[in-house]
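Colleague: Questions regarding the structure given below will be posed in turn.
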Amino acid sequence: MTTAPHKQEQVTLDTFLRGIWEENPVFVMLLGMCPVLAVTNSTLNAIAMGLATLFVLVASGTLVSLLRKMIPREVRIATYIIIIATFVTMVDYAIQAISLDLYNSLGAFIQLIVVNCVILGRAEAYASRQRVGAAVVNALGMGVGFTIALLCLGTVRELLGAGSILGYPVFSPDFQPWVVMILPPGGFFVLGSWLLLFEWLKQRRERRTLQSEGATAHGS
Amino acid sequence: MDPDSVQFIFLNAAIVNNFVLALFLGICPFLGVSAKKETAWNMGLATMFVMLVSSVCAYGINLLLVRFDIEFLRLISYIAVIASAVQLVEMALKKFSPGLFRALGIFLPLITTNCAILGLALFQTFREYNFIQSLAFSIGAGVGFTLALMLMSGLREKLELARVPTVSQGAAMSLMLAGLLSLAFMGFAGLGSSHA
């Protein structure tokens with residue numbers, strides 16, 4: 001950002017919490033859908049993917065925020081992508097070293113973190129305008145929100161599709177797994193259902209506030 | 001069919017392992033630009049072109065990287081090439097078809113962050129396709145992407161007229177629709193020897 005310094009935000013609890021609930025990247029902003037749907041066929045994959053994304057978010061947010069006065073405006077997107085790609089390469093090699101099984105089950109989706117819109121979006125909309133502290137806290141919140149969303153999908157899909165959580169069977173042996181939940185369509189269905197649930201909750205809350213306002217107005 | 005043959009790779013990328021509906025690549029434009037058939041069609045064409053260009057470039061780059069033993073730079077160089085290819089398409093469109101340029105709007109630069117394109121480049125490297133196979137793979141993927149986008153936009157145009165509960169309007173409904181489409185595409189899974 002070359003001209004007009006942006007308003008610096010105070011770091012509050014809200015900076016962190018916003019990413020988890022109000023601006024949840026998955027359920028509210030519908031960003032980064034590809035990994036959300038693709039790797040959530042088991043809880044373990046969901047956790048690994050969430051943590052990897054969290055790391056890249058925080059690391060790239062820090063660096064972008066530190067370099068924000070040096071990056072020329074014209075080439076900022078390219079610069080952000082290179083920064084993100086560097087950290088993703090690190091994560092890629094790290095996961096490969098930690099657990100080859102996990103690496104194989106996540107496949108190309110670790111490298112595809114580069115093109116996760118959540119990360120680029122944060123770099124462009126937040127980290128490039130705020131001080132390091134605020135950028136880190138915000139990135140942490142977003143990352144945790146993203147991980148929670150992945151977990152929401154991963155547990156439901158594994159529970160219904162394989163009858164287990166983290167590989168431990170939950171139901172009795174004669175439980176017939178809903179195989180479709182682990183397959184691609186299941187991802188769409190489960191995410192759709194979560195969105196329905198949140199929309200329903202939101203509408204119910206709005207109706208309640210309207211009603212209570214109406215009641216007080218009527219009473220006075 | 002021989003799994004290494006060009007026809008098989010094409011069909012596999014276009015239908016059996018459709019990039020959008022089976023591999024979840026490129027969901028953002030799939031949900032974002034699929035409201036009207038015309039924009040969906042143009043978006044599909046633009047994506048197909050970028051796919052083709054970046055697939056050819058990625059093939060060349062990979063040869064170089066392997067030659068000099070610096071494969072860890074793969075991700076960074078691929079994404080740089082894709083970003084430049086998108087820039088090229090953007091400039092060409094602006095010059096030759098300003099109307100289309102305006103219609104695609106923000107989604108044109110966003111092709112850069114379309115995972116379908118980076119995914120394509122990575123997959124063709126992992127599977128060690130030769131040049132002709134890479135071409136077939138990228139065209140197949142582009143056709144599959146356009147097909148999915150067109151089907152979805154057709155459904156959503158019809159949905160405009162339908163009366164659905166207020167809760168399920170918007171994203172939730174689109175996702176359910178996508179789930180049904182994906183379910184339908186699973187029917188192709190038996191074609192050839194299907195392995196992801």
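Note on naming: chains are A, B, ... as they come in the structure tokens, residues start from 1 per chain, ligands start from 1 in the order shown.
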For chain A, report every residue with an atom at most 6 Å from chain B (counting only C-alpha atoms), formatted as a list in words.
Modeller: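 Contact residues on the first chain: Cys34, Ala38, Ala85, Val115, Pro184, Pro185, Phe188, Phe189, Gly192, Leu195, Leu196, Glu199 and Trp200 of chain A.
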Colleague: Go ahead and save the picked residues with N, CA and C atoms, as an mmCIF file, in the first residue's frame.
Modeller:
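Below you can see part_2.cif, which holds the result:
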data_model
loop_
_atom_site.group_PDB
_atom_site.id
_atom_site.type_symbol
_atom_site.label_atom_id
_atom_site.label_comp_id
_atom_site.auth_asym_id
_atom_site.auth_seq_id
_atom_site.Cartn_x
_atom_site.Cartn_y
_atom_site.Cartn_z
ATOM 1 N N CYS A 34 -12.281 -26.034 -2.237
ATOM 2 C CA CYS A 34 -11.729 -27.264 -2.816
ATOM 3 C C CYS A 34 -11.157 -28.198 -1.755
ATOM 4 N N ALA A 38 -12.563 -31.841 -0.559
ATOM 5 C CA ALA A 38 -11.791 -32.962 -1.081
ATOM 6 C C ALA A 38 -11.141 -33.811 0.000
ATOM 7 N N ALA A 85 3.692 -19.700 -1.814
ATOM 8 C CA ALA A 85 4.212 -20.930 -2.408
ATOM 9 C C ALA A 85 5.445 -21.425 -1.663
ATOM 10 N N VAL A 115 -3.213 -22.246 -3.857
ATOM 11 C CA VAL A 115 -4.302 -21.552 -4.520
ATOM 12 C C VAL A 115 -5.547 -21.493 -3.649
ATOM 13 N N PRO A 184 -17.248 -38.440 -3.333
ATOM 14 C CA PRO A 184 -17.415 -37.002 -3.630
ATOM 15 C C PRO A 184 -18.803 -36.412 -3.345
ATOM 16 N N PRO A 185 -19.919 -37.043 -3.751
ATOM 17 C CA PRO A 185 -21.208 -36.376 -3.515
ATOM 18 C C PRO A 185 -21.452 -36.091 -2.041
ATOM 19 N N PHE A 188 -20.426 -32.631 -0.888
ATOM 20 C CA PHE A 188 -21.387 -31.570 -1.220
ATOM 21 C C PHE A 188 -22.588 -31.621 -0.284
ATOM 22 N N PHE A 189 -23.105 -32.836 -0.048
ATOM 23 C CA PHE A 189 -24.308 -32.953 0.775
ATOM 24 C C PHE A 189 -24.057 -32.481 2.201
ATOM 25 N N GLY A 192 -23.581 -28.752 2.368
ATOM 26 C CA GLY A 192 -24.888 -28.136 2.145
ATOM 27 C C GLY A 192 -25.739 -28.197 3.399
ATOM 28 N N LEU A 195 -24.583 -25.689 5.967
ATOM 29 C CA LEU A 195 -25.000 -24.331 5.593
ATOM 30 C C LEU A 195 -26.480 -24.130 5.890
ATOM 31 N N LEU A 196 -27.267 -25.168 5.603
ATOM 32 C CA LEU A 196 -28.709 -25.088 5.908
ATOM 33 C C LEU A 196 -28.925 -24.852 7.395
ATOM 34 N N GLU A 199 -27.995 -21.323 8.375
ATOM 35 C CA GLU A 199 -28.974 -20.378 7.843
ATOM 36 C C GLU A 199 -30.247 -20.417 8.690
ATOM 37 N N TRP A 200 -30.630 -21.638 9.067
ATOM 38 C CA TRP A 200 -31.843 -21.794 9.871
ATOM 39 C C TRP A 200 -31.658 -21.123 11.229
#
Colleague: Among the residues of stretch 22-165 of chain B, find those DSSP assigns to alpha helix (DSSP H) from the backbone and print them as a ChimeraX atom specification.
Modeller: /B:27-32,37-68,74-96,98-104,115-126,131-159
Colleague: Please return, as a list of chain:residue names, all residues of chain A that DSSP assigns to strand (DSSP E) on the basis of the backbone.
Modeller: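 Filtering chain A down to strand (DSSP E) leaves A:Ser164, A:Ile165, A:Tyr168, A:Pro169.
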Colleague: Create the file for the chosen residues now, containing N, CA, C and O atoms and written as a compact mmCIF listing (two decimals), in the first residue's frame.
Modeller:
# COMPACT_ATOMS: atom_id res chain seq x y z
N SER A 164 -16.94 -44.62 12.07
CA SER A 164 -15.87 -44.51 13.05
C SER A 164 -15.46 -43.05 13.18
O SER A 164 -15.81 -42.22 12.36
N ILE A 165 -14.68 -42.76 14.25
CA ILE A 165 -14.08 -41.43 14.38
C ILE A 165 -12.60 -41.62 14.64
O ILE A 165 -12.22 -42.37 15.55
N TYR A 168 -11.46 -45.19 15.07
CA TYR A 168 -12.05 -46.06 16.08
C TYR A 168 -13.54 -46.24 15.81
O TYR A 168 -14.26 -45.24 15.69
N PRO A 169 -14.00 -47.49 15.72
CA PRO A 169 -15.42 -47.72 15.43
C PRO A 169 -16.30 -47.19 16.56
O PRO A 169 -15.97 -47.31 17.73
Colleague: Per residue of stretch 143-205 of chain A within 8 Å of stretch 39-53 of chain A, what are the shortest atom pair and its distance in Å to one decimal, counting only C-alpha atoms, with rows by chain and residue number, as CSV?
Modeller:
residue,atom,partner,partner_atom,distance
A:Gly143,CA,A:Thr53,CA,6.6
A:Val144,CA,A:Gly50,CA,7.7
A:Phe146,CA,A:Gly50,CA,6.4
A:Thr147,CA,A:Gly50,CA,4.2
A:Ile148,CA,A:Gly50,CA,7.8
A:Leu150,CA,A:Ala46,CA,5.4
A:Leu151,CA,A:Ala46,CA,5.7
A:Leu153,CA,A:Thr40,CA,6.1
A:Gly154,CA,A:Thr40,CA,4.4
A:Thr155,CA,A:Thr43,CA,5.2
A:Arg157,CA,A:Asn41,CA,5.8
A:Glu158,CA,A:Ser42,CA,5.0
A:Ile165,CA,A:Thr43,CA,6.6
A:Leu166,CA,A:Thr43,CA,5.5
A:Met181,CA,A:Asn41,CA,7.7
A:Ile182,CA,A:Asn41,CA,5.1
A:Leu183,CA,A:Asn41,CA,7.6
A:Gly187,CA,A:Thr40,CA,7.5
Colleague: Based on the selection just made, write N, CA, C and O atoms of those residues as a compact mmCIF listing (two decimals), in the first residue's frame.
Modeller:
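Final output, result-v6.txt:
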# COMPACT_ATOMS: atom_id res chain seq x y z
N GLY A 143 -7.34 -19.31 10.63
CA GLY A 143 -6.86 -20.69 10.51
C GLY A 143 -7.63 -21.63 11.41
O GLY A 143 -8.01 -22.72 11.00
N VAL A 144 -7.88 -21.17 12.65
CA VAL A 144 -8.63 -22.02 13.58
C VAL A 144 -10.05 -22.21 13.06
O VAL A 144 -10.60 -23.32 13.07
N PHE A 146 -11.02 -22.16 9.99
CA PHE A 146 -10.95 -23.07 8.85
C PHE A 146 -10.83 -24.51 9.34
O PHE A 146 -11.52 -25.41 8.84
N THR A 147 -9.96 -24.72 10.35
CA THR A 147 -9.77 -26.07 10.87
C THR A 147 -11.06 -26.61 11.48
O THR A 147 -11.41 -27.77 11.28
N ILE A 148 -11.75 -25.74 12.23
CA ILE A 148 -13.01 -26.18 12.84
C ILE A 148 -14.00 -26.60 11.77
O ILE A 148 -14.66 -27.64 11.86
N LEU A 150 -13.34 -27.70 8.77
CA LEU A 150 -12.91 -28.97 8.20
C LEU A 150 -13.29 -30.12 9.12
O LEU A 150 -13.75 -31.17 8.68
N LEU A 151 -13.11 -29.89 10.44
CA LEU A 151 -13.46 -30.93 11.41
C LEU A 151 -14.95 -31.22 11.38
O LEU A 151 -15.35 -32.38 11.44
N LEU A 153 -16.94 -31.09 8.94
CA LEU A 153 -17.25 -31.95 7.81
C LEU A 153 -16.63 -33.33 7.97
O LEU A 153 -17.27 -34.34 7.73
N GLY A 154 -15.36 -33.33 8.40
CA GLY A 154 -14.62 -34.59 8.46
C GLY A 154 -15.25 -35.58 9.42
O GLY A 154 -15.43 -36.75 9.07
N THR A 155 -15.64 -35.11 10.62
CA THR A 155 -16.21 -36.05 11.59
C THR A 155 -17.54 -36.59 11.08
O THR A 155 -17.79 -37.80 11.14
N ARG A 157 -18.63 -36.88 8.03
CA ARG A 157 -18.48 -37.79 6.90
C ARG A 157 -17.89 -39.12 7.32
O ARG A 157 -18.30 -40.17 6.84
N GLU A 158 -16.90 -39.08 8.25
CA GLU A 158 -16.31 -40.35 8.66
C GLU A 158 -17.29 -41.15 9.50
O GLU A 158 -17.40 -42.37 9.35
N ILE A 165 -14.68 -42.76 14.25
CA ILE A 165 -14.08 -41.43 14.38
C ILE A 165 -12.60 -41.62 14.64
O ILE A 165 -12.22 -42.37 15.55
N LEU A 166 -11.76 -40.99 13.85
CA LEU A 166 -10.31 -41.15 13.92
C LEU A 166 -9.90 -42.62 13.81
O LEU A 166 -8.91 -43.04 14.39
N MET A 181 -21.19 -41.09 1.69
CA MET A 181 -20.68 -39.94 2.45
C MET A 181 -19.17 -39.77 2.28
O MET A 181 -18.66 -38.67 2.40
N ILE A 182 -18.44 -40.86 2.07
CA ILE A 182 -16.99 -40.72 1.87
C ILE A 182 -16.70 -40.34 0.43
O ILE A 182 -15.69 -39.73 0.13
N LEU A 183 -17.58 -40.70 -0.47
CA LEU A 183 -17.38 -40.41 -1.89
C LEU A 183 -17.67 -38.93 -2.16
O LEU A 183 -18.24 -38.24 -1.32
N GLY A 187 -19.47 -35.05 0.18
CA GLY A 187 -18.89 -33.77 0.57
C GLY A 187 -19.85 -32.63 0.32
O GLY A 187 -20.09 -31.78 1.19
Colleague: What lies within 10 Å of A:Leu67 using only C-alpha atoms, ignoring chain neighbours under 4 positions off, as a tab-separated table (two decimals) with C-alpha atoms, in the first residue's frame?
Modeller:
chain	number	residue	atom	x	y	z
A	61	GLY	CA	0.46	-13.24	7.04
A	62	THR	CA	3.50	-12.37	9.14
A	63	LEU	CA	5.83	-11.99	6.19
A	71	ILE	CA	6.10	-4.41	-1.91
A	127	ALA	CA	-2.08	-8.53	6.33
A	128	SER	CA	-0.99	-5.97	3.72
A	132	VAL	CA	2.33	-7.62	12.37
Colleague: May I ask which of the residues A:Asp14, A:Asp174, A:Glu213, A:Asp92 is the closest one to A:Val56, counting only C-alpha atoms?
Modeller: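 Under the stated criterion, the closest residue is A:Asp92.
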Colleague: Which residue is closest to A:Gln176? Choose from A:Leu106, A:Ala139, A:Leu120, A:Leu159 and count only C-alpha atoms.
Modeller: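 Looking at the shortest contact to A:Gln176, the residue is A:Leu159.
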Colleague: So which one's closest to A:Phe55, A:Gly141, A:Gly107, A:Pro25, A:Pro35? Using only C-alpha atoms, please.
Modeller: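 Nearest to A:Phe55: A:Gly141.
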Colleague: Report, in Å to a single decimal, how far apart atom CA of A:Val88 and atom CA of A:Gln111 are.
Modeller: 6.3 Å
